[in-house]
Structures are given as structure tokens and as C-alpha cells.
Protein chains: 2
Amino acid sequence: MLKEERQHSIINEVELHNRVLLTDLAEKLNVSIDTVRRDVKELDEENLLVKVHGGAVSLGFANHSPQSNNVYALDKKIAIAKKALALLRNNSVILIDGGTTCLELAKLLPTNLKLTCFTLSLPVAMELLRKPNVETIFIGGTLSKDSQIAMGPSAIHALSEIKVDYSFIGTGYVDTEFGLTEFDWDVVQTKKAVINASKKAVLLCISEKLNSQHRFKTCSLNVINTMVTELEPWDTKLDAFKNLNIQIL
Amino acid sequence: MLKEERQHSIINEVELHNRVLLTDLAEKLNVSIDTVRRDVKELDEENLLVKVHGGAVSLGFANHSPQSNNVYALDKKIAIAKKALALLRNNSVILIDGGTTCLELAKLLPTNLKLTCFTLSLPVAMELLRKPNVETIFIGGTLSKDSQIAMGPSAIHALSEIKVDYSFIGTGYVDTEFGLTEFDWDVVQTKKAVINASKKAVLLCISEKLNSQHRFKTCSLNVINTMVTELEPWDTKLDAFKNLNIQIL
DNA sequence: AATATATTTGCAGTAGTTTGCAAGTTTTGA
DNA sequence: TCAAAACTTGCAAACTACTGCAAATATATT
């Protein structure tokens, strides 16, 4: 096997799984660990990956800095996603909804966490495929052009046949009185089906959305088991939600 | 054997397999390794391949940066996709399979063409969402990490409930005797379901794949209605396929 | 056709790379 | 803090590359 081939495989492996161990590479490529070490060192010097102790990580993974994709309040959404991670256990069966906050959750799933993960969202699915220990199942349906989410009867029907441990959902608007509301009727129908398909529903929601409403209602707040915001639990903005028997993270 | 001839063989070999060893070339071409070395050096200087220690790699392969997703024989695949477009009419209901050739078809769909389009492939779905007049329906299922395609029982079941006008499919290997074959068993099961879900099946296939086989059979060539390659219809490589009642584009 | 000129090819010796191993040092995580 | 794992360095064996040269082949000229 040529050196170039080997290095190409290493790049592929790193890009696919975000990280890789030198020992695994050596075994897979049938060369000594020294050779792999030298290869990774060269690739690091060419800025094709980042070498770390014991292995290598992809460039995208190494850059913890918020990249080119400018998401509104990305730092808050990342904070929310990190908190939500605490709910996950090995071998959980979960569902991740669409939206930028849920996408951050998908991105931040640890590579060593074993999960079965359903989703309706194309971008979330793309991220989940990068996680070596996550089995990803896409709920099929008609795709919405702007939200990139599967919707419609077939998606709702597919959801009726599953029951996941946790679903992580976003919402357009949330309010103590009206609950979760949306601008779009189809989105509401799909989110209802998602909530029905889950033992526990976890709402991921930045504080800007608290106390806002729109025209179509997804559900009342009492069907939500856990709400995750970027705020500290004792923040006064959350007071109104604490009386509703919701776990607040 | 003329020098030109030999160098042409070397280029072919490198492009087809992405890499080649000087020792193998010397043996195959019945010349000394020095001669091959000089040939490869010249070809490298002409930027027709990249010489590396012990062999040579193709241009696309050499630049193993993950960002520039270099597709093998992209120009041929684009040519195939353009030909396949001729089959489409407004309001057709079609299915586009995964694979790089099918992805090119999705990219090249005219923005004014009205279609209902099913797919199992995440990258194809991403492209279809960019087309304003295409209604995209994703066939859900367990997503494969390397092919980024929905597979498994639920995908096969979802396929059993539809019948599209045309399905555009790729294949790993194709041969007049053995038909369409694949490396992967699950892929074969899914492709079978795709073909059953379509009134007409269109095979998109670069000429390099003609007359090659692998271990699992998708279907015989007689269930394929149309075959699209980058070759001219009168190319002799297609002669063997013309006796099989297949439309050739 | 015969000769001169240029190119190509294979060989041999030398120079340079790559690889795996071993000994010693550093980092990591409990 | 300690033990395990990972890293560094130097080295020898195997492999690959380059150089110059002579024989073989091709091309051009008379």
C-alpha cells in the first residue's frame, strides 16, 4: 500500500468520525503505530487534520470557534445543547427535532455515546451520521423547503409507530398560558405527532422566546416534561414556569 | 510497444484505480522498472498524474483535502445526468437513488421543471430542496453511515407503497450476463425495492463499470428499461447491451 | 540502401526514503 | 502519586530513486 493511499484513508476516517485513535488506524491499515504516527504528523503539518494525544481530530471538530454559519444566538443554543446532554444515557432511544438549537445538540453528541436516534430533519441527520456510535433513523415524509424537515401524513404515520425515551424539540413560541405555538399549521401537526411518539418531551428554547405566542398551538406546557434554556435555574424569568410541574435545566 | 501507448495505459490505470505501483506497471507492460519510472516522471511533469514514492496516484486522489469533494469521472457523470434529463416531463413522479451520478442528476434538474421526487439519499434530498418546483419526499429508514442512504425494512416497506414513473438508479457493477451487482447485501435489498416501486427503471452508469461483477445481485438487465452512459450510442462497448431490449442513451 | 544522428531502454552503482523496532521520556487519568 | 499509554529519538534493513553509461532502436539525411 502506498503512503498516499494510507494517508488518504486516514483523512477519510477522520472526516467521517471526527476523531480517530492511532491504535485503531494502525490495526485497520496493517502498519505499525509508528508509521501511522508519522503519517498523522505529516497530515497535521499540511493542515489536513489536527493531531492530538493518542489520535487525531478533524479540522471542523478542532475549531471550537463559531464557524462561518451565523446562527442567531449560537452561544446560547450551544449552552442549551450542553445542558440537554446530561439527560442522555448509553443505549437511549431518542428523537431530535429540527431547528438550529436541536442541530447543536446533534453536533455536540459525544462520539462515544451509544444511541438510537430518530429525526425528521435533514441537517440533523447529516450530523448524526458523523457520530460513530449513533444509529440514525430518518422519519420519511414530504420535505419542507425552508425548515428541511419531513412533514405530512406519512411522517405523522411513521411517528405513530414509535415511542422514544426522550424527544428533544424546539418551538417557535412559548408562553405559560398558551403553551407551545407556531406560525405554521403543518409544523404543529408534525410536532404533535413527535410529542405523542415520546415518553418524555424535552423543550430546548432560548430565553428570547419565553412569553411569546403565535396562531397555531402545538401543545400545552403540561405535556412538556423538561425545559432547557440558557438561563440559570434561579433566574426570575423562569419563575412563571416553575409552577407548572416542569423540570427546568 | 510505443512509448505513447505505454504512457496512455499508465494514465488509464491510475485514473481507474486512483493509484498504481511502479512494480505492477513494469510487470504488466513488460518493461523494466526504470522505463516505467521515467514514464511516470514525464507524466508527472505534464501534470497528468502525481508521482509518489513507489508509484503514482491520480490528480483527484493526490489532493486529499476533504473540502474539495472530488468525484471520480465527474465530467462523465455530468454528461450522463444531462442525457437522463431528456426523459423527464412536467409533473412526472420520479425516484432518484443515491450515488454520485444520481446526485449530479439532482443538481442538474432545471429550476422550472415541476416534479414530484422521491429519494432515499440525504445528499440528493439536500439538492432537491434547492429546486423551487420539485416536491421532495424522503423515504425514511435506517441511514447508512457511508452511503448516506436510508435502508432497512422500513425503507423497503415505504417503497412498497409507491409506484413512480421513473426511477433513476446507480449500481456498483454491471454485466450483460450477471446484470446489476453490488458489494453490499443491504444495498441490494433496497435497490430491489426501488425497482419494484417504479414503472420504468433507468440505470445511470459510467462506461468503466460495464462488464464488471461483484457478489450480490440486484437484478437482471432485462428489468432495466433504459441505460444511460456517457458513450455515444454507436460505441462498440455497448454492442453487448443492445441485444437485451434496453433503450440506450 | 547506407550512414549519421537522436532517442529510448536496461543495467549497475550510489544516494535517498520508508518502515518497524528498541530504549528512554513525557503525558494522561485514576 | 503511580502505572499505563503515548510520544520521541536513533538506528538498521528493505525498498525506491537517481545518475551515468552502453546497447538497442528509431528517425533523418545523403
# chains A, B, ... in the order shown; residues from 1 in each chain; ligands from 1
>>> residues_around(residues="region 9-21 of chain C", least_positions_apart="2", cutoff="12 Å", atoms="only C-alpha atoms (C1' of nucleotides)", output="count of residues only")
44
>>> calpha_fit_rmsd(fixed="chain B", moving="chain A")
16.0 Å
>>> closest_residue(among="B:Lys28, B:Arg89, B:Lys209, B:Lys41", to="chain D", atoms="only C-alpha atoms (C1' of nucleotides)")
B:Lys41
>>> interface_residues(of="chain B", to="chain A", cutoff="10 Å", atoms="only C-alpha atoms", output="number ranges by chain")
B: 18-21, 52-57, 61-67, 116-120, 122-123, 125-126, 128-132, 134-146, 148-152, 154-155, 158
>>> residues_around(residues="DT26 (chain C)", least_positions_apart="6", cutoff="10 Å", atoms="only C-alpha atoms (C1' of nucleotides)", output="list in words")
DA6, DC7 and DT8 of chain D
>>> write_last_selection(atoms="N, CA, C and O atoms (P, O5', C5', C4', C3', O3' and C1' of nucleotides)", output="mmCIF file, in the first residue's frame")
data_model
loop_
_atom_site.group_PDB
_atom_site.id
_atom_site.type_symbol
_atom_site.label_atom_id
_atom_site.label_comp_id
_atom_site.auth_asym_id
_atom_site.auth_seq_id
_atom_site.Cartn_x
_atom_site.Cartn_y
_atom_site.Cartn_z
ATOM 1 P P DA D 6 -2.545 4.400 23.850
ATOM 2 O "O5'" DA D 6 -1.533 5.627 23.714
ATOM 3 C "C5'" DA D 6 -1.879 6.879 24.294
ATOM 4 C "C4'" DA D 6 -0.723 7.842 24.118
ATOM 5 C "C3'" DA D 6 -0.194 7.953 22.689
ATOM 6 O "O3'" DA D 6 -0.076 9.320 22.356
ATOM 7 C "C1'" DA D 6 1.568 7.561 24.181
ATOM 8 P P DC D 7 0.377 9.728 20.869
ATOM 9 O "O5'" DC D 7 1.881 10.225 21.077
ATOM 10 C "C5'" DC D 7 2.131 11.322 21.959
ATOM 11 C "C4'" DC D 7 3.627 11.475 22.159
ATOM 12 C "C3'" DC D 7 4.420 11.638 20.863
ATOM 13 O "O3'" DC D 7 4.999 12.931 20.833
ATOM 14 C "C1'" DC D 7 5.463 10.119 22.360
ATOM 15 P P DT D 8 5.880 13.368 19.569
ATOM 16 O "O5'" DT D 8 7.352 12.905 19.951
ATOM 17 C "C5'" DT D 8 7.966 13.395 21.145
ATOM 18 C "C4'" DT D 8 9.412 12.936 21.209
ATOM 19 C "C3'" DT D 8 10.204 13.108 19.908
ATOM 20 O "O3'" DT D 8 11.354 13.879 20.193
ATOM 21 C "C1'" DT D 8 10.445 10.899 20.754
#
>>> residues_around(residues="region 102-107 of chain B", least_positions_apart="5", cutoff="10 Å", atoms="only C-alpha atoms (C1' of nucleotides)", output="number ranges by chain")
B: 74-75, 77-85, 96-97, 117, 121-131, 168-170, 203-205
>>> select_by_dssp(residues="region 103-165 of chain B", states="alpha helix (DSSP H)", output="mmCIF file with N, CA, C and O atoms, in the first residue's frame")
data_model
loop_
_atom_site.group_PDB
_atom_site.id
_atom_site.type_symbol
_atom_site.label_atom_id
_atom_site.label_comp_id
_atom_site.auth_asym_id
_atom_site.auth_seq_id
_atom_site.Cartn_x
_atom_site.Cartn_y
_atom_site.Cartn_z
ATOM 1 N N LEU B 103 -26.627 11.955 -7.865
ATOM 2 C CA LEU B 103 -26.554 13.274 -7.238
ATOM 3 C C LEU B 103 -26.378 14.369 -8.292
ATOM 4 O O LEU B 103 -26.982 15.447 -8.193
ATOM 5 N N GLU B 104 -25.612 14.065 -9.326
ATOM 6 C CA GLU B 104 -25.449 15.045 -10.406
ATOM 7 C C GLU B 104 -26.782 15.296 -11.105
ATOM 8 O O GLU B 104 -27.087 16.423 -11.473
ATOM 9 N N LEU B 105 -27.553 14.241 -11.289
ATOM 10 C CA LEU B 105 -28.874 14.414 -11.908
ATOM 11 C C LEU B 105 -29.715 15.378 -11.072
ATOM 12 O O LEU B 105 -30.337 16.305 -11.606
ATOM 13 N N ALA B 106 -29.711 15.176 -9.766
ATOM 14 C CA ALA B 106 -30.497 16.053 -8.881
ATOM 15 C C ALA B 106 -30.012 17.494 -9.006
ATOM 16 O O ALA B 106 -30.809 18.439 -9.077
ATOM 17 N N LYS B 107 -28.702 17.675 -9.071
ATOM 18 C CA LYS B 107 -28.149 19.031 -9.179
ATOM 19 C C LYS B 107 -28.575 19.703 -10.473
ATOM 20 O O LYS B 107 -28.784 20.913 -10.507
ATOM 21 N N LEU B 108 -28.687 18.907 -11.537
ATOM 22 C CA LEU B 108 -28.925 19.481 -12.871
ATOM 23 C C LEU B 108 -30.401 19.629 -13.214
ATOM 24 O O LEU B 108 -30.728 20.103 -14.302
ATOM 25 N N LEU B 122 -29.671 11.213 1.474
ATOM 26 C CA LEU B 122 -29.586 12.504 2.157
ATOM 27 C C LEU B 122 -28.991 13.586 1.255
ATOM 28 O O LEU B 122 -29.569 14.675 1.129
ATOM 29 N N PRO B 123 -27.859 13.356 0.590
ATOM 30 C CA PRO B 123 -27.303 14.418 -0.262
ATOM 31 C C PRO B 123 -28.239 14.771 -1.416
ATOM 32 O O PRO B 123 -28.363 15.947 -1.769
ATOM 33 N N VAL B 124 -28.895 13.771 -2.015
ATOM 34 C CA VAL B 124 -29.832 14.063 -3.101
ATOM 35 C C VAL B 124 -30.980 14.914 -2.568
ATOM 36 O O VAL B 124 -31.381 15.890 -3.207
ATOM 37 N N ALA B 125 -31.478 14.575 -1.394
ATOM 38 C CA ALA B 125 -32.580 15.358 -0.808
ATOM 39 C C ALA B 125 -32.167 16.809 -0.601
ATOM 40 O O ALA B 125 -32.933 17.736 -0.886
ATOM 41 N N MET B 126 -30.941 17.014 -0.136
ATOM 42 C CA MET B 126 -30.449 18.384 0.078
ATOM 43 C C MET B 126 -30.488 19.174 -1.233
ATOM 44 O O MET B 126 -30.871 20.347 -1.253
ATOM 45 N N GLU B 127 -30.087 18.518 -2.308
ATOM 46 C CA GLU B 127 -30.096 19.194 -3.609
ATOM 47 C C GLU B 127 -31.522 19.465 -4.079
ATOM 48 O O GLU B 127 -31.818 20.545 -4.602
ATOM 49 N N LEU B 128 -32.385 18.501 -3.898
ATOM 50 C CA LEU B 128 -33.766 18.642 -4.389
ATOM 51 C C LEU B 128 -34.475 19.800 -3.698
ATOM 52 O O LEU B 128 -35.323 20.474 -4.300
ATOM 53 N N PRO B 153 -35.797 -2.421 6.676
ATOM 54 C CA PRO B 153 -37.194 -2.830 6.471
ATOM 55 C C PRO B 153 -38.152 -1.661 6.277
ATOM 56 O O PRO B 153 -39.026 -1.730 5.419
ATOM 57 N N SER B 154 -37.977 -0.610 7.064
ATOM 58 C CA SER B 154 -38.972 0.458 6.949
ATOM 59 C C SER B 154 -38.842 1.185 5.617
ATOM 60 O O SER B 154 -39.850 1.576 5.024
ATOM 61 N N ALA B 155 -37.628 1.347 5.129
ATOM 62 C CA ALA B 155 -37.456 1.956 3.808
ATOM 63 C C ALA B 155 -38.076 1.052 2.740
ATOM 64 O O ALA B 155 -38.797 1.520 1.849
ATOM 65 N N ILE B 156 -37.825 -0.239 2.855
ATOM 66 C CA ILE B 156 -38.352 -1.182 1.862
ATOM 67 C C ILE B 156 -39.877 -1.203 1.906
ATOM 68 O O ILE B 156 -40.544 -1.228 0.879
ATOM 69 N N HIS B 157 -40.413 -1.125 3.133
ATOM 70 C CA HIS B 157 -41.874 -1.095 3.247
ATOM 71 C C HIS B 157 -42.457 0.179 2.648
ATOM 72 O O HIS B 157 -43.461 0.143 1.926
ATOM 73 N N ALA B 158 -41.811 1.303 2.929
ATOM 74 C CA ALA B 158 -42.304 2.571 2.372
ATOM 75 C C ALA B 158 -42.272 2.524 0.847
ATOM 76 O O ALA B 158 -43.196 2.993 0.174
ATOM 77 N N LEU B 159 -41.243 1.922 0.306
ATOM 78 C CA LEU B 159 -41.135 1.802 -1.151
ATOM 79 C C LEU B 159 -42.243 0.921 -1.722
ATOM 80 O O LEU B 159 -42.699 1.117 -2.847
ATOM 81 N N SER B 160 -42.696 -0.062 -0.930
ATOM 82 C CA SER B 160 -43.721 -0.981 -1.431
ATOM 83 C C SER B 160 -45.051 -0.274 -1.638
ATOM 84 O O SER B 160 -45.942 -0.809 -2.280
#
